[in-house]
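Accompanying notes for the structure given below.
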Amino acid sequence: MQNITNNFKITGNKKISLNNFDTDYTADVKKEDAKAILKALVKETADLQDKLYAANKYSMLLIFQAMDAAGKDGAIKHTMSGINPQGCQVYSFKQPSTEEYNHDFLWRHSKALPERGRIGIHNRSHYENVLVSKVHPENVLRENLPDIHRVEDIDDKFWNERYKSIRAFERNLHNNGTVVIKFFLHLSKKEQKKRFLQRIDDPSKNWKFSAADIKERGYWKDYMAAYEQAISETANDDAPWYIIPADKKWFSRIAISSVIVETLKSLELQYPVLPKDEAYRLQQTKEQLMGE
């Protein structure tokens, strides 16, 4: 699947257009084969995560960003279904609290970073501060920043500094052993409408729907522009973005799992090898137990 996932990878510091990325691309993978493919990838992920946990050298941060109904929750559930819970932690970021607004915008995300040996999953992330806040700049006023008194003060320089802060944050993570992978689940507006209607018609899914979702749908073009700039400004080799086709949930899960597996493989993880004296003492212990 490596050749497939490379099609989604964005590392260059250049302007991208989401119109150039197909939302229902499936790489000729057949739906009837998807279950078996994903099962194998989940198993491989679990095996690699066990080595990640044992080696205690790297951590991995998976960031999921998307428009409403793109399938972030389902993608996390299915791609991480085989992971040992001890080696994984998931955080879903909602509207910041008063305490969080009283700190810098990266504070609450820094607190939720995975420790060595673990996979951390951020369902929405620090990117909300250049996505939702870009579309609704009045949110920035809640941060009570020294030089920002009104929306008109939030200019291009402000956003460029924020992108710069994000790049520095992620570079520091990379330099200290955290492997950062950023997923944008690229959903079409047509497919979002279909999923919204399904949530309304299915009582078991009503809880997933909010009138606010329709309001945000009205800002679709603004969000696409915000995503394009955020991805363009922050994609690099140390913290790549992957634009995942999200109209077919079964394929997006395969694509995400493939990226995770290939990235973990690239770390060449190994189980720790005991020093000779410890290995000798272990063998003595074995002989003692065998002699009982």
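Letters for chains follow the order of the structure tokens (A, B, ...), residue numbers begin at 1 for each chain, and ligand numbers begin at 1 in the order shown.
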
Contacts of Asn102 (chain A) within 9 Å, only C-alpha atoms, excl. fewer than 4 positions in-chain, as JSON, numbers by chain:
{"A": [97, 98, 142, 143, 144]}

Export of the given selection (N, CA, C and O atoms) as a PDB file, in the first residue's frame:
ATOM      1  N   SER A  97     -11.885  25.853  27.235  1.00  0.00           N
ATOM      2  CA  SER A  97     -12.462  26.323  28.494  1.00  0.00           C
ATOM      3  C   SER A  97     -11.867  27.686  28.844  1.00  0.00           C
ATOM      4  O   SER A  97     -10.919  28.155  28.207  1.00  0.00           O
ATOM      5  N   THR A  98     -12.396  28.304  29.888  1.00  0.00           N
ATOM      6  CA  THR A  98     -11.854  29.582  30.345  1.00  0.00           C
ATOM      7  C   THR A  98     -10.390  29.438  30.730  1.00  0.00           C
ATOM      8  O   THR A  98      -9.542  30.275  30.393  1.00  0.00           O
ATOM      9  N   ARG A 142     -11.251  35.972  22.353  1.00  0.00           N
ATOM     10  CA  ARG A 142     -11.407  35.311  23.646  1.00  0.00           C
ATOM     11  C   ARG A 142     -10.061  34.962  24.275  1.00  0.00           C
ATOM     12  O   ARG A 142      -9.989  34.685  25.476  1.00  0.00           O
ATOM     13  N   GLU A 143      -9.010  34.956  23.473  1.00  0.00           N
ATOM     14  CA  GLU A 143      -7.679  34.657  23.997  1.00  0.00           C
ATOM     15  C   GLU A 143      -7.090  35.847  24.764  1.00  0.00           C
ATOM     16  O   GLU A 143      -6.079  35.697  25.448  1.00  0.00           O
ATOM     17  N   ASN A 144      -7.714  37.004  24.599  1.00  0.00           N
ATOM     18  CA  ASN A 144      -7.289  38.206  25.335  1.00  0.00           C
ATOM     19  C   ASN A 144      -5.809  38.513  25.119  1.00  0.00           C
ATOM     20  O   ASN A 144      -5.062  38.799  26.075  1.00  0.00           O
TER      21      ASN A 144
END

Region 53-193 of chain A: which residues are alpha helix (DSSP H) by DSSP, as JSON, numbers by chain?
{"A": [53, 54, 55, 72, 73, 74, 75, 76, 77, 78, 79, 98, 99, 100, 101, 107, 108, 109, 110, 132, 133, 134, 135, 138, 139, 140, 141, 156, 157, 158, 159, 160, 161, 162, 163, 164, 165, 166, 167, 168, 169, 170, 171, 172, 173, 174, 175, 189, 190, 191, 192, 193]}

Counting only C-alpha atoms, which residues of region 247-277 of chain A fall within 12 Å of region 110-128 of chain A, and what is the closest atom pair for each with its distance in Å at one decimal, ordered by chain and rising number, as CSV?
residue,atom,partner,partner_atom,distance
A:Ile260,CA,A:Ile119,CA,10.4
A:Leu264,CA,A:Ile119,CA,10.6
A:Leu269,CA,A:Gly117,CA,10.8
A:Tyr271,CA,A:Gly117,CA,11.7

Taking only residues of region 18-99 of chain A that have an atom at most 10 Å from an atom of region 212-215 of chain A, what is each one's shortest atom pair and its distance in Å to one decimal, using only C-alpha atoms, in chain and number order, as JSON lines?
{"residue": "A:Met67", "atom": "CA", "partner": "A:Asp213", "partner_atom": "CA", "distance": 9.3}
{"residue": "A:Asp68", "atom": "CA", "partner": "A:Asp213", "partner_atom": "CA", "distance": 6.8}
{"residue": "A:Ala69", "atom": "CA", "partner": "A:Asp213", "partner_atom": "CA", "distance": 9.0}

Quick one: residues within 7 Å of region 77-81 of chain A, only C-alpha atoms, excluding same-chain residues fewer than 3 positions away - as a ChimeraX atom specification?
/A:42,73-74,253,257

Residues near region 239-242 of chain A, cut-off 7 Å, only C-alpha atoms, skip fewer than 4 positions along chain, as a short mmCIF file (atom, residue, chain, number, x, y, z; two decimals) with all heavy atoms, in the first residue's frame:
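New file result.cif:
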data_model
loop_
_atom_site.label_atom_id
_atom_site.label_comp_id
_atom_site.auth_asym_id
_atom_site.auth_seq_id
_atom_site.Cartn_x
_atom_site.Cartn_y
_atom_site.Cartn_z
N PHE A 8 -1.06 10.54 -1.19
CA PHE A 8 -1.77 11.45 -0.28
C PHE A 8 -0.84 12.33 0.52
O PHE A 8 -1.28 13.24 1.22
CB PHE A 8 -2.63 10.64 0.70
CG PHE A 8 -3.48 9.57 0.07
CD1 PHE A 8 -3.58 8.31 0.66
CD2 PHE A 8 -4.16 9.80 -1.11
CE1 PHE A 8 -4.36 7.32 0.09
CE2 PHE A 8 -4.94 8.82 -1.69
CZ PHE A 8 -5.03 7.57 -1.10
N LYS A 9 0.45 12.08 0.45
CA LYS A 9 1.41 12.73 1.34
C LYS A 9 1.79 14.12 0.83
O LYS A 9 2.13 14.30 -0.33
CB LYS A 9 2.67 11.87 1.46
CG LYS A 9 3.66 12.34 2.52
CD LYS A 9 4.79 11.32 2.64
CE LYS A 9 5.75 11.70 3.77
NZ LYS A 9 6.84 10.70 3.92
N ILE A 10 1.75 15.10 1.75
CA ILE A 10 2.12 16.47 1.43
C ILE A 10 3.26 16.87 2.36
O ILE A 10 3.13 16.87 3.58
CB ILE A 10 0.94 17.44 1.65
CG1 ILE A 10 -0.33 16.95 0.93
CG2 ILE A 10 1.32 18.85 1.20
CD1 ILE A 10 -0.22 16.91 -0.57
N THR A 11 4.41 17.19 1.76
CA THR A 11 5.57 17.58 2.57
C THR A 11 6.17 18.91 2.11
O THR A 11 6.90 19.53 2.86
CB THR A 11 6.68 16.52 2.51
OG1 THR A 11 7.07 16.33 1.14
CG2 THR A 11 6.21 15.20 3.10
N GLU A 170 5.92 21.57 16.21
CA GLU A 170 6.03 20.24 15.64
C GLU A 170 7.49 19.86 15.37
O GLU A 170 7.86 18.68 15.47
CB GLU A 170 5.19 20.16 14.36
CG GLU A 170 3.69 20.29 14.65
CD GLU A 170 2.82 20.32 13.42
OE1 GLU A 170 3.37 20.41 12.30
OE2 GLU A 170 1.59 20.27 13.57
N VAL A 180 5.18 12.75 14.09
CA VAL A 180 3.91 13.46 13.89
C VAL A 180 3.34 13.12 12.52
O VAL A 180 4.01 13.28 11.49
CB VAL A 180 4.11 14.99 13.99
CG1 VAL A 180 2.78 15.72 13.80
CG2 VAL A 180 4.74 15.36 15.33
N ILE A 181 2.09 12.65 12.52
CA ILE A 181 1.37 12.38 11.28
C ILE A 181 0.05 13.13 11.34
O ILE A 181 -0.70 12.99 12.30
CB ILE A 181 1.08 10.88 11.08
CG1 ILE A 181 2.37 10.06 11.10
CG2 ILE A 181 0.34 10.64 9.78
CD1 ILE A 181 2.14 8.56 11.02
N LYS A 182 -0.23 13.90 10.29
CA LYS A 182 -1.43 14.73 10.27
C LYS A 182 -2.36 14.28 9.14
O LYS A 182 -1.95 14.28 7.97
CB LYS A 182 -1.05 16.20 10.12
CG LYS A 182 -0.15 16.68 11.25
CD LYS A 182 0.39 18.09 11.04
CE LYS A 182 1.37 18.19 9.93
NZ LYS A 182 2.13 19.45 9.93
N PHE A 183 -3.58 13.90 9.49
CA PHE A 183 -4.56 13.44 8.51
C PHE A 183 -5.65 14.49 8.32
O PHE A 183 -6.26 14.96 9.28
CB PHE A 183 -5.24 12.15 8.98
CG PHE A 183 -4.33 10.96 9.08
CD1 PHE A 183 -3.99 10.43 10.32
CD2 PHE A 183 -3.81 10.36 7.94
CE1 PHE A 183 -3.17 9.32 10.42
CE2 PHE A 183 -2.97 9.25 8.03
CZ PHE A 183 -2.65 8.73 9.28
N PHE A 184 -5.90 14.84 7.07
CA PHE A 184 -7.09 15.62 6.72
C PHE A 184 -8.01 14.70 5.95
O PHE A 184 -7.67 14.25 4.85
CB PHE A 184 -6.75 16.85 5.88
CG PHE A 184 -7.97 17.53 5.31
CD1 PHE A 184 -8.99 17.98 6.15
CD2 PHE A 184 -8.11 17.72 3.94
CE1 PHE A 184 -10.12 18.60 5.63
CE2 PHE A 184 -9.23 18.35 3.41
CZ PHE A 184 -10.24 18.79 4.27
N ILE A 231 -2.50 23.55 5.57
CA ILE A 231 -1.72 22.41 5.08
C ILE A 231 -0.48 22.91 4.34
O ILE A 231 0.64 22.42 4.54
CB ILE A 231 -2.58 21.52 4.17
CG1 ILE A 231 -3.68 20.83 4.99
CG2 ILE A 231 -1.72 20.47 3.45
CD1 ILE A 231 -4.72 20.11 4.16
N ALA A 235 3.08 21.73 6.17
CA ALA A 235 3.49 20.41 5.69
C ALA A 235 4.99 20.38 5.44
O ALA A 235 5.53 21.24 4.75
CB ALA A 235 2.74 20.05 4.40
#

At what distance in Å, to one decimal, does CA of Leu41 (chain A) lie from CA of Lys249 (chain A)?
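Here the two named atoms are 15.5 Å from each other.
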
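Proximity to Ser258 (chain A) was assessed for A:His103, A:Lys286, A:Lys39, A:Lys15 counting only C-alpha atoms; the smallest distance is recorded for A:Lys39.
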
Could you give me, as an mmCIF file with all heavy atoms, in the first residue's frame, the residues within 12 Å of region 145-157 of chain A, counting only C-alpha atoms and dropping anything in the same chain fewer than 4 positions from it?
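Now in out.cif:
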data_model
loop_
_atom_site.group_PDB
_atom_site.id
_atom_site.type_symbol
_atom_site.label_atom_id
_atom_site.label_comp_id
_atom_site.auth_asym_id
_atom_site.auth_seq_id
_atom_site.Cartn_x
_atom_site.Cartn_y
_atom_site.Cartn_z
ATOM 1 N N TYR A 101 -8.312 29.211 27.570
ATOM 2 C CA TYR A 101 -8.191 30.511 26.913
ATOM 3 C C TYR A 101 -7.192 31.413 27.642
ATOM 4 O O TYR A 101 -6.635 32.343 27.052
ATOM 5 C CB TYR A 101 -9.545 31.207 26.836
ATOM 6 C CG TYR A 101 -10.345 30.882 25.596
ATOM 7 C CD1 TYR A 101 -11.675 30.467 25.667
ATOM 8 C CD2 TYR A 101 -9.775 31.025 24.324
ATOM 9 C CE1 TYR A 101 -12.401 30.182 24.518
ATOM 10 C CE2 TYR A 101 -10.497 30.742 23.170
ATOM 11 C CZ TYR A 101 -11.808 30.328 23.275
ATOM 12 O OH TYR A 101 -12.528 30.055 22.133
ATOM 13 N N ASN A 102 -6.961 31.140 28.916
ATOM 14 C CA ASN A 102 -6.023 31.945 29.694
ATOM 15 C C ASN A 102 -4.574 31.502 29.528
ATOM 16 O O ASN A 102 -3.679 32.023 30.210
ATOM 17 C CB ASN A 102 -6.411 31.923 31.180
ATOM 18 C CG ASN A 102 -7.578 32.841 31.482
ATOM 19 O OD1 ASN A 102 -7.772 33.852 30.818
ATOM 20 N ND2 ASN A 102 -8.375 32.496 32.489
ATOM 21 N N HIS A 103 -4.341 30.534 28.656
ATOM 22 C CA HIS A 103 -2.987 30.100 28.304
ATOM 23 C C HIS A 103 -2.783 30.280 26.799
ATOM 24 O O HIS A 103 -3.725 30.572 26.066
ATOM 25 C CB HIS A 103 -2.775 28.628 28.676
ATOM 26 C CG HIS A 103 -2.720 28.373 30.151
ATOM 27 N ND1 HIS A 103 -3.849 28.264 30.931
ATOM 28 C CD2 HIS A 103 -1.665 28.205 30.993
ATOM 29 C CE1 HIS A 103 -3.503 28.034 32.185
ATOM 30 N NE2 HIS A 103 -2.188 27.992 32.249
ATOM 31 N N ASP A 104 -1.560 30.083 26.344
ATOM 32 C CA ASP A 104 -1.312 30.160 24.905
ATOM 33 C C ASP A 104 -2.043 29.023 24.198
ATOM 34 O O ASP A 104 -2.382 28.004 24.797
ATOM 35 C CB ASP A 104 0.194 30.110 24.624
ATOM 36 C CG ASP A 104 0.781 28.729 24.865
ATOM 37 O OD1 ASP A 104 1.165 28.450 26.020
ATOM 38 O OD2 ASP A 104 0.839 27.937 23.912
ATOM 39 N N PHE A 105 -2.275 29.192 22.911
ATOM 40 C CA PHE A 105 -3.152 28.272 22.184
ATOM 41 C C PHE A 105 -2.605 26.850 22.082
ATOM 42 O O PHE A 105 -3.349 25.910 21.802
ATOM 43 C CB PHE A 105 -3.482 28.825 20.790
ATOM 44 C CG PHE A 105 -2.401 28.661 19.750
ATOM 45 C CD1 PHE A 105 -2.411 27.573 18.882
ATOM 46 C CD2 PHE A 105 -1.384 29.598 19.612
ATOM 47 C CE1 PHE A 105 -1.442 27.421 17.895
ATOM 48 C CE2 PHE A 105 -0.411 29.468 18.627
ATOM 49 C CZ PHE A 105 -0.438 28.376 17.774
ATOM 50 N N VAL A 130 -6.139 27.657 13.586
ATOM 51 C CA VAL A 130 -5.941 28.297 12.282
ATOM 52 C C VAL A 130 -6.995 27.811 11.285
ATOM 53 O O VAL A 130 -6.870 28.052 10.083
ATOM 54 C CB VAL A 130 -4.514 28.031 11.729
ATOM 55 C CG1 VAL A 130 -3.479 28.769 12.547
ATOM 56 C CG2 VAL A 130 -4.206 26.535 11.672
ATOM 57 N N SER A 133 -10.822 29.227 13.994
ATOM 58 C CA SER A 133 -10.524 30.612 14.361
ATOM 59 C C SER A 133 -10.259 31.486 13.137
ATOM 60 O O SER A 133 -10.444 32.705 13.187
ATOM 61 C CB SER A 133 -9.310 30.661 15.301
ATOM 62 O OG SER A 133 -9.634 30.063 16.541
ATOM 63 N N LYS A 134 -9.841 30.865 12.045
ATOM 64 C CA LYS A 134 -9.635 31.624 10.807
ATOM 65 C C LYS A 134 -10.981 31.976 10.183
ATOM 66 O O LYS A 134 -11.182 33.088 9.677
ATOM 67 C CB LYS A 134 -8.794 30.777 9.834
ATOM 68 C CG LYS A 134 -8.286 31.532 8.591
ATOM 69 C CD LYS A 134 -7.087 32.389 8.938
ATOM 70 C CE LYS A 134 -6.510 33.078 7.714
ATOM 71 N NZ LYS A 134 -5.860 32.124 6.771
ATOM 72 N N VAL A 135 -11.906 31.027 10.231
ATOM 73 C CA VAL A 135 -13.247 31.254 9.690
ATOM 74 C C VAL A 135 -14.056 32.163 10.609
ATOM 75 O O VAL A 135 -14.864 32.978 10.152
ATOM 76 C CB VAL A 135 -13.972 29.904 9.472
ATOM 77 C CG1 VAL A 135 -15.413 30.126 8.998
ATOM 78 C CG2 VAL A 135 -13.212 29.056 8.443
ATOM 79 N N HIS A 136 -13.829 32.017 11.911
ATOM 80 C CA HIS A 136 -14.531 32.829 12.911
ATOM 81 C C HIS A 136 -13.496 33.572 13.755
ATOM 82 O O HIS A 136 -13.231 33.206 14.906
ATOM 83 C CB HIS A 136 -15.399 31.939 13.805
ATOM 84 C CG HIS A 136 -16.442 31.157 13.073
ATOM 85 N ND1 HIS A 136 -17.563 31.749 12.529
ATOM 86 C CD2 HIS A 136 -16.534 29.830 12.779
ATOM 87 C CE1 HIS A 136 -18.304 30.825 11.941
ATOM 88 N NE2 HIS A 136 -17.701 29.648 12.078
ATOM 89 N N PRO A 137 -12.886 34.615 13.222
ATOM 90 C CA PRO A 137 -11.804 35.308 13.927
ATOM 91 C C PRO A 137 -12.223 35.924 15.258
ATOM 92 O O PRO A 137 -11.353 36.205 16.098
ATOM 93 C CB PRO A 137 -11.367 36.382 12.929
ATOM 94 C CG PRO A 137 -12.517 36.544 11.988
ATOM 95 C CD PRO A 137 -13.150 35.191 11.896
ATOM 96 N N GLU A 138 -13.513 36.068 15.473
ATOM 97 C CA GLU A 138 -13.967 36.587 16.770
ATOM 98 C C GLU A 138 -13.558 35.658 17.913
ATOM 99 O O GLU A 138 -13.445 36.090 19.071
ATOM 100 C CB GLU A 138 -15.485 36.791 16.771
ATOM 101 C CG GLU A 138 -16.328 35.554 16.571
ATOM 102 C CD GLU A 138 -16.577 35.188 15.103
ATOM 103 O OE1 GLU A 138 -15.903 35.764 14.209
ATOM 104 O OE2 GLU A 138 -17.450 34.349 14.864
ATOM 105 N N ASN A 139 -13.304 34.394 17.601
ATOM 106 C CA ASN A 139 -12.836 33.459 18.632
ATOM 107 C C ASN A 139 -11.476 33.872 19.187
ATOM 108 O O ASN A 139 -11.169 33.616 20.361
ATOM 109 C CB ASN A 139 -12.731 32.042 18.058
ATOM 110 C CG ASN A 139 -14.085 31.405 17.816
ATOM 111 O OD1 ASN A 139 -15.119 31.967 18.179
ATOM 112 N ND2 ASN A 139 -14.095 30.237 17.197
ATOM 113 N N VAL A 140 -10.660 34.484 18.353
ATOM 114 C CA VAL A 140 -9.321 34.902 18.787
ATOM 115 C C VAL A 140 -9.425 35.952 19.895
ATOM 116 O O VAL A 140 -8.572 36.007 20.791
ATOM 117 C CB VAL A 140 -8.511 35.442 17.594
ATOM 118 C CG1 VAL A 140 -7.151 35.969 18.050
ATOM 119 C CG2 VAL A 140 -8.321 34.352 16.535
ATOM 120 N N LEU A 141 -10.466 36.759 19.848
ATOM 121 C CA LEU A 141 -10.631 37.799 20.860
ATOM 122 C C LEU A 141 -10.762 37.206 22.259
ATOM 123 O O LEU A 141 -10.392 37.848 23.249
ATOM 124 C CB LEU A 141 -11.853 38.665 20.542
ATOM 125 C CG LEU A 141 -11.826 39.410 19.201
ATOM 126 C CD1 LEU A 141 -13.099 40.239 19.034
ATOM 127 C CD2 LEU A 141 -10.592 40.295 19.078
ATOM 128 N N GLU A 161 2.431 34.342 11.982
ATOM 129 C CA GLU A 161 3.103 34.034 13.242
ATOM 130 C C GLU A 161 2.532 32.768 13.875
ATOM 131 O O GLU A 161 3.259 31.979 14.482
ATOM 132 C CB GLU A 161 2.973 35.216 14.216
ATOM 133 C CG GLU A 161 3.844 36.400 13.869
ATOM 134 C CD GLU A 161 5.329 36.068 13.911
ATOM 135 O OE1 GLU A 161 5.751 35.321 14.804
ATOM 136 O OE2 GLU A 161 6.061 36.550 13.018
ATOM 137 N N ARG A 162 1.237 32.576 13.714
ATOM 138 C CA ARG A 162 0.612 31.379 14.277
ATOM 139 C C ARG A 162 1.073 30.132 13.534
ATOM 140 O O ARG A 162 1.360 29.108 14.151
ATOM 141 C CB ARG A 162 -0.914 31.521 14.237
ATOM 142 C CG ARG A 162 -1.642 30.442 15.014
ATOM 143 C CD ARG A 162 -2.912 30.923 15.657
ATOM 144 N NE ARG A 162 -2.659 31.674 16.885
ATOM 145 C CZ ARG A 162 -3.603 31.938 17.800
ATOM 146 N NH1 ARG A 162 -4.842 31.530 17.638
ATOM 147 N NH2 ARG A 162 -3.295 32.626 18.879
ATOM 148 N N TYR A 163 1.170 30.199 12.220
ATOM 149 C CA TYR A 163 1.710 29.068 11.455
ATOM 150 C C TYR A 163 3.160 28.802 11.868
ATOM 151 O O TYR A 163 3.578 27.643 11.993
ATOM 152 C CB TYR A 163 1.658 29.346 9.951
ATOM 153 C CG TYR A 163 0.271 29.494 9.378
ATOM 154 C CD1 TYR A 163 -0.058 30.592 8.576
ATOM 155 C CD2 TYR A 163 -0.715 28.543 9.610
ATOM 156 C CE1 TYR A 163 -1.321 30.735 8.033
ATOM 157 C CE2 TYR A 163 -1.992 28.681 9.070
ATOM 158 C CZ TYR A 163 -2.284 29.781 8.291
ATOM 159 O OH TYR A 163 -3.541 29.932 7.757
ATOM 160 N N LYS A 164 3.895 29.872 12.069
ATOM 161 C CA LYS A 164 5.296 29.744 12.488
ATOM 162 C C LYS A 164 5.382 29.038 13.841
ATOM 163 O O LYS A 164 6.252 28.172 14.046
ATOM 164 C CB LYS A 164 5.938 31.132 12.562
ATOM 165 C CG LYS A 164 7.405 31.139 12.927
ATOM 166 C CD LYS A 164 7.958 32.565 12.947
ATOM 167 C CE LYS A 164 9.412 32.598 13.355
ATOM 168 N NZ LYS A 164 9.924 34.011 13.389
ATOM 169 N N GLN A 229 -4.569 26.627 3.208
ATOM 170 C CA GLN A 229 -3.446 27.429 3.702
ATOM 171 C C GLN A 229 -2.746 26.747 4.869
ATOM 172 O O GLN A 229 -1.512 26.734 4.943
ATOM 173 C CB GLN A 229 -3.908 28.824 4.110
ATOM 174 C CG GLN A 229 -2.720 29.724 4.477
ATOM 175 C CD GLN A 229 -3.073 31.178 4.565
ATOM 176 O OE1 GLN A 229 -4.242 31.552 4.569
ATOM 177 N NE2 GLN A 229 -2.064 32.039 4.645
#
